[in-house]
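This is work_21.cif (mmCIF, C-alpha atoms).
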```
data_target
loop_
_atom_site.label_atom_id
_atom_site.label_comp_id
_atom_site.auth_asym_id
_atom_site.auth_seq_id
_atom_site.Cartn_x
_atom_site.Cartn_y
_atom_site.Cartn_z
CA TYR A 1 0.21 18.08 -13.61
CA LEU A 2 1.74 15.28 -11.51
CA GLN A 3 3.71 14.01 -14.52
CA ILE A 4 2.30 10.52 -14.10
CA ASP A 5 1.47 8.50 -17.18
CA TYR A 6 -2.12 7.23 -17.10
CA ARG A 7 -2.53 3.47 -17.31
CA LYS A 8 -5.93 1.80 -17.25
CA SER A 9 -5.98 -0.38 -14.14
CA THR A 10 -7.91 -1.27 -10.99
CA ASP A 11 -6.79 -1.29 -7.35
CA TYR A 12 -8.89 -2.76 -4.54
CA SER A 13 -6.22 -2.71 -1.82
CA LEU A 14 -8.43 -0.50 0.38
CA PHE A 15 -11.09 -3.24 0.37
CA LYS A 16 -8.91 -6.16 1.45
CA ASN A 17 -11.00 -9.11 2.75
CA VAL A 18 -14.29 -7.35 1.94
CA LYS A 19 -17.05 -9.71 0.76
CA THR A 20 -18.20 -8.70 -2.72
CA ILE A 21 -19.29 -9.75 -6.18
CA THR A 22 -16.46 -8.09 -8.01
CA ARG A 23 -16.71 -6.76 -11.57
CA LEU A 24 -14.52 -7.65 -14.54
CA GLN A 25 -14.66 -5.63 -17.76
CA LEU A 26 -13.78 -7.31 -21.06
CA SER A 27 -15.25 -4.60 -23.27
CA GLN A 28 -17.28 -1.39 -23.41
CA GLY A 29 -20.25 -0.47 -25.60
CA CYS A 30 -23.17 -2.27 -27.25
CA LYS A 31 -24.24 -2.62 -30.87
CA HIS A 32 -27.97 -2.59 -30.12
CA ARG A 33 -30.06 0.57 -30.33
CA CYS A 34 -32.73 0.25 -27.65
CA LYS A 35 -34.67 3.51 -27.39
CA PHE A 36 -34.10 4.02 -23.67
CA CYS A 37 -30.35 3.33 -23.61
CA THR A 38 -27.36 5.69 -23.48
CA ILE A 39 -24.57 3.12 -23.95
CA PRO A 40 -22.20 4.01 -26.86
CA LYS A 41 -22.92 1.92 -29.96
CA ILE A 42 -19.34 0.93 -30.64
CA ILE A 43 -17.46 -2.00 -29.06
CA ILE A 44 -14.08 -1.26 -27.48
CA GLU A 45 -12.26 -4.35 -26.23
CA ASN A 46 -9.82 -4.40 -23.33
CA ASN A 47 -6.54 -6.05 -24.22
CA LEU A 48 -5.14 -9.14 -22.53
CA GLU A 49 -2.85 -7.11 -20.24
CA GLU A 50 -5.74 -4.94 -18.98
CA ILE A 51 -7.91 -7.98 -18.29
CA GLY A 52 -5.08 -9.79 -16.52
CA GLN A 53 -4.37 -6.75 -14.35
CA GLN A 54 -8.00 -6.61 -13.24
CA ILE A 55 -7.96 -10.29 -12.30
CA ASP A 56 -4.78 -9.86 -10.28
CA SER A 57 -6.32 -6.90 -8.44
CA PHE A 58 -9.12 -9.15 -7.09
CA LYS A 59 -6.75 -11.33 -5.04
CA ASP A 60 -7.31 -9.56 -1.72
CA LEU A 61 -11.12 -9.56 -2.06
CA ASP A 62 -13.47 -12.17 -0.58
CA PHE A 63 -15.65 -13.28 -3.50
CA LYS A 64 -17.31 -16.35 -4.98
CA LEU A 65 -18.77 -14.76 -8.13
CA ILE A 66 -17.56 -12.21 -10.70
CA TYR A 67 -19.95 -9.99 -12.64
CA ILE A 68 -18.86 -9.39 -16.23
CA ASP A 69 -19.28 -5.69 -16.98
CA ASP A 70 -19.86 -6.10 -20.76
CA LYS A 71 -23.27 -4.63 -21.55
CA THR A 72 -24.08 -7.37 -24.08
CA PHE A 73 -21.77 -10.29 -23.42
CA GLY A 74 -20.65 -12.06 -26.58
CA GLN A 75 -20.62 -9.06 -28.90
CA ALA A 76 -16.91 -8.51 -28.25
CA SER A 77 -14.72 -11.22 -29.77
CA ASN A 78 -12.67 -11.58 -26.58
CA TYR A 79 -15.52 -13.25 -24.65
CA THR A 80 -13.65 -16.58 -24.86
CA LEU A 81 -11.10 -15.12 -22.41
CA LEU A 82 -13.48 -16.24 -19.67
CA MET A 83 -11.95 -19.71 -19.97
CA PRO A 84 -8.32 -18.77 -19.11
CA SER A 85 -9.62 -16.12 -16.68
CA TYR A 86 -11.44 -18.81 -14.71
CA GLU A 87 -8.30 -20.94 -14.54
CA LYS A 88 -6.26 -17.99 -13.30
CA ILE A 89 -8.81 -17.04 -10.64
CA ILE A 90 -9.37 -20.55 -9.31
CA GLU A 91 -5.62 -20.82 -8.62
CA TYR A 92 -5.81 -18.17 -5.89
CA ASN A 93 -9.50 -18.50 -4.99
CA PRO A 94 -10.66 -22.14 -4.75
CA ASN A 95 -14.12 -20.95 -3.62
CA PHE A 96 -14.78 -19.23 -6.96
CA LYS A 97 -18.10 -20.43 -8.47
CA GLY A 98 -18.03 -18.66 -11.82
CA PHE A 99 -19.25 -15.61 -13.74
CA ILE A 100 -22.49 -13.66 -14.01
CA ILE A 101 -22.97 -12.22 -17.50
CA GLN A 102 -25.53 -9.81 -18.89
CA THR A 103 -26.70 -10.21 -22.46
CA THR A 104 -29.73 -10.49 -24.73
CA ALA A 105 -31.92 -13.49 -25.45
CA ILE A 106 -30.75 -13.72 -29.07
CA GLN A 107 -27.13 -13.52 -27.97
CA VAL A 108 -27.65 -16.52 -25.67
CA ALA A 109 -28.81 -18.58 -28.65
CA LYS A 110 -25.90 -17.34 -30.75
CA LEU A 111 -23.34 -18.14 -28.06
CA SER A 112 -24.74 -21.65 -27.60
CA LYS A 113 -24.05 -22.32 -31.30
CA GLU A 114 -20.50 -20.95 -31.16
CA ILE A 115 -19.22 -22.58 -27.97
CA ASP A 116 -20.10 -25.08 -25.27
CA LEU A 117 -21.41 -22.71 -22.60
CA ARG A 118 -20.06 -24.98 -19.88
CA ASP A 119 -16.54 -24.02 -20.97
CA LEU A 120 -17.22 -20.39 -20.00
CA HIS A 121 -17.99 -21.27 -16.36
CA ILE A 122 -21.14 -19.12 -16.31
CA PHE A 123 -22.99 -19.22 -12.99
CA ALA A 124 -25.88 -17.01 -14.14
CA ILE A 125 -27.08 -15.14 -17.22
CA GLU A 126 -28.84 -11.82 -16.71
CA ILE A 127 -31.24 -11.19 -19.61
CA GLY A 128 -32.88 -7.88 -20.48
CA VAL A 129 -36.47 -9.07 -20.74
CA GLU A 130 -37.92 -5.66 -19.76
CA SER A 131 -41.47 -6.72 -20.75
CA TYR A 132 -42.77 -10.07 -21.98
CA ASN A 133 -44.86 -8.53 -24.74
CA ASP A 134 -43.83 -8.55 -28.40
CA SER A 135 -45.54 -5.26 -29.19
CA ILE A 136 -43.69 -3.39 -26.44
CA LEU A 137 -40.34 -5.05 -27.20
CA SER A 138 -40.73 -4.07 -30.84
CA SER A 139 -41.68 -0.47 -30.03
CA LEU A 140 -38.55 -0.13 -27.87
CA ARG A 141 -36.42 -1.68 -30.62
CA LYS A 142 -35.31 -4.39 -28.23
CA PRO A 143 -33.36 -7.19 -29.98
CA ALA A 144 -35.67 -9.85 -28.57
CA SER A 145 -39.12 -11.37 -28.87
CA GLU A 146 -41.23 -13.59 -26.65
CA LYS A 147 -40.04 -16.57 -28.70
CA SER A 148 -36.33 -15.73 -28.40
CA ILE A 149 -36.68 -15.11 -24.65
CA ARG A 150 -38.26 -18.53 -24.17
CA ARG A 151 -35.50 -20.08 -26.25
CA ALA A 152 -32.88 -18.44 -24.01
CA VAL A 153 -34.61 -19.88 -20.95
CA GLU A 154 -34.55 -23.36 -22.51
CA ILE A 155 -30.81 -23.04 -23.27
CA CYS A 156 -30.02 -21.95 -19.71
CA LYS A 157 -31.94 -24.93 -18.32
CA LEU A 158 -30.15 -27.26 -20.73
CA TYR A 159 -26.74 -26.11 -19.49
CA ASP A 160 -27.88 -25.80 -15.86
CA ILE A 161 -27.17 -22.05 -15.85
CA ASN A 162 -29.14 -19.81 -13.51
CA ILE A 163 -31.18 -17.10 -15.20
CA ILE A 164 -31.93 -13.58 -13.96
CA TYR A 165 -34.54 -11.34 -15.58
CA ASN A 166 -34.24 -7.56 -15.87
CA ILE A 167 -37.75 -6.07 -15.81
CA ILE A 168 -38.65 -2.41 -16.36
CA VAL A 169 -41.77 -0.90 -14.78
CA GLY A 170 -43.31 2.19 -16.38
CA LEU A 171 -42.66 1.55 -20.07
CA PRO A 172 -44.95 3.36 -22.53
CA GLU A 173 -47.86 1.20 -23.76
CA GLU A 174 -47.87 -1.02 -20.67
CA THR A 175 -51.34 -1.89 -19.37
CA LYS A 176 -52.74 -4.10 -16.64
CA GLU A 177 -52.97 -6.90 -19.20
CA THR A 178 -49.35 -6.57 -20.40
CA TYR A 179 -48.04 -6.44 -16.83
CA LEU A 180 -49.99 -9.61 -16.02
CA ARG A 181 -48.55 -11.30 -19.10
CA THR A 182 -45.01 -10.51 -17.90
CA LEU A 183 -45.86 -11.62 -14.35
CA ASN A 184 -47.32 -14.92 -15.58
CA PHE A 185 -44.17 -15.56 -17.61
CA ILE A 186 -42.01 -14.96 -14.52
CA VAL A 187 -44.14 -17.27 -12.36
CA GLU A 188 -44.16 -19.97 -15.04
CA THR A 189 -40.41 -19.99 -15.74
CA LYS A 190 -39.20 -19.52 -12.13
CA PRO A 191 -35.98 -17.50 -12.65
CA TYR A 192 -33.08 -17.59 -10.20
CA GLY A 193 -33.47 -13.87 -9.59
CA LEU A 194 -35.15 -10.63 -10.68
CA ASN A 195 -33.89 -7.08 -11.15
CA ILE A 196 -36.90 -4.75 -11.13
CA PHE A 197 -36.25 -1.21 -12.38
CA ASN A 198 -38.43 1.87 -12.69
CA LEU A 199 -38.09 3.38 -16.16
CA ALA A 200 -35.46 6.12 -16.20
CA ILE A 201 -35.75 8.41 -19.21
CA TYR A 202 -32.29 9.75 -19.93
CA LYS A 203 -31.61 13.00 -21.73
CA ASN A 204 -31.05 12.77 -25.50
CA THR A 205 -32.24 9.17 -25.78
CA GLU A 206 -34.68 8.38 -28.56
CA LEU A 207 -37.37 7.60 -25.99
CA SER A 208 -36.99 11.00 -24.31
CA LYS A 209 -37.45 12.69 -27.67
CA GLU A 210 -40.50 10.57 -28.54
CA LEU A 211 -42.15 11.41 -25.22
CA ASN A 212 -41.05 15.05 -25.47
CA ILE A 213 -39.40 14.95 -22.05
CA VAL A 214 -37.90 18.32 -21.17
CA ASP A 215 -35.19 18.79 -18.57
CA PRO A 216 -36.79 21.25 -16.07
CA ILE A 217 -33.46 22.90 -15.22
CA GLU A 218 -32.52 23.34 -18.86
CA SER A 219 -36.01 24.64 -19.61
CA GLU A 220 -35.78 27.26 -16.85
CA LEU A 221 -32.33 28.37 -18.00
CA ARG A 222 -33.63 28.79 -21.55
CA LYS A 223 -36.54 30.91 -20.28
CA ARG A 224 -34.18 33.16 -18.36
CA TYR A 225 -31.81 33.44 -21.31
CA ASN A 226 -34.64 34.32 -23.69
CA SER A 227 -35.97 36.96 -21.30
CA ILE A 228 -32.65 38.85 -21.26
#
```

Structure translated into structure tokens:
Amino acid sequence: YLQIDYRKSTDYSLFKNVKTITRLQLSQGCKHRCKFCTIPKIIIENNLEEIGQQIDSFKDLDFKLIYIDDKTFGQASNYTLLMPSYEKIIEYNPNFKGFIIQTTAIQVAKLSKEIDLRDLHIFAIEIGVESYNDSILSSLRKPASEKSIRRAVEICKLYDINIIYNIIVGLPEETKETYLRTLNFIVETKPYGLNIFNLAIYKNTELSKELNIVDPIESELRKRYNSI
């Protein structure tokens, strides 16, 4: 309507000098098929120009860390762009400490074999632990096991990278014993941080279908439609 060509870009000029942990997107999507997730299962990479534009748009912000928006860091082939991105950022922000990435335990091990993690300037790795119980991880089709999670912790300690656990409360099959097992793992390994989430069952996920979760609004509309 305005006859303006759309171009993917970010603009933070309204937030000049605001303290933040800004967010940089290298790619969208995730190849894994966890039962509770709604993320598209195809990887779409941002090109070099789009990534560079994002980095330039951060110049007016007051930040020391950047959160990488990729849902499973390392699946997209452009993850190595963190190296030149760091160099570009540090030129205009000497206080920059590095990146926070989110990924899976098995991806941490894979990355450590492909590249020296120190070259990526990673401040912290956020890992989707969810529950430290093999039976529950398997039932959710999580791409991790207790063994692979421990291996990821060892790798982070080796490279002096902080580790953050994502934990979900309310998963099917959890019991007092399984919660205690997860809690003991957290206490033992002493992570840098924790993200604790209540389980959200999204419409049309495999988990919602397994649990036969019905949208109350949709259910009421169907009743009214059928009564006409």

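For the pair CA of Asn133 (chain A) and CA of Gln107 (chain A), the interatomic distance is 18.7 Å.
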
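Residue nearest Phe96 (chain A), chosen from A:Ile122, A:Leu65, A:Ile163, A:Leu199 and counting only C-alpha atoms: A:Leu65.
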
Nearest to Arg151 (chain A), chosen from A:Lys176, A:Lys8, A:Arg181, A:Lys110, with all atoms listed in the file counted in the distances: A:Lys110

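Of the residues under consideration (A:Lys59, A:Lys157, A:His121, A:Lys147), A:His121 shows the shortest atom-to-atom contact distance to Leu82 (chain A) when counting all atoms listed in the file.
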
Residue neighbourhood Phe15 (chain A), 10 Å, all atoms listed in the file, exclusion window fewer than 2 positions, as a ChimeraX atom specification: /A:11-13,17-20,58,60-62

Residues returned when the PyMOL selection byres ((chain A and resi 40-52) around 7) runs on this file, as an MDAnalysis selection string: chainID A and resid 8:9 26:32 38:39 53:56 76

Among listed residues A:Leu140, A:Ile115, A:Val153, A:Leu211, nearest Cys37 (chain A) (using all atoms listed in the file): A:Leu140

Pairwise distance for CA of Asn166 (chain A) and CA of Ile136 (chain A), rounded to one decimal in Å: 14.8 Å

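Among the candidate residues A:Asn95, A:Asn184, A:Ser208, A:Asn198, the one lying nearest to Phe36 (chain A) is A:Ser208, with distances computed using only C-alpha atoms.
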
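In this structure, CA of Lys142 (chain A) sits 23.1 Å away from CA of Ile161 (chain A).
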
Protein, DNA and RNA residues within 12 Å of (-44.9, 0.5, -17.9), all atoms listed in the file, as a ChimeraX atom specification: /A:130-133,136-137,140,167-180,182,196-200
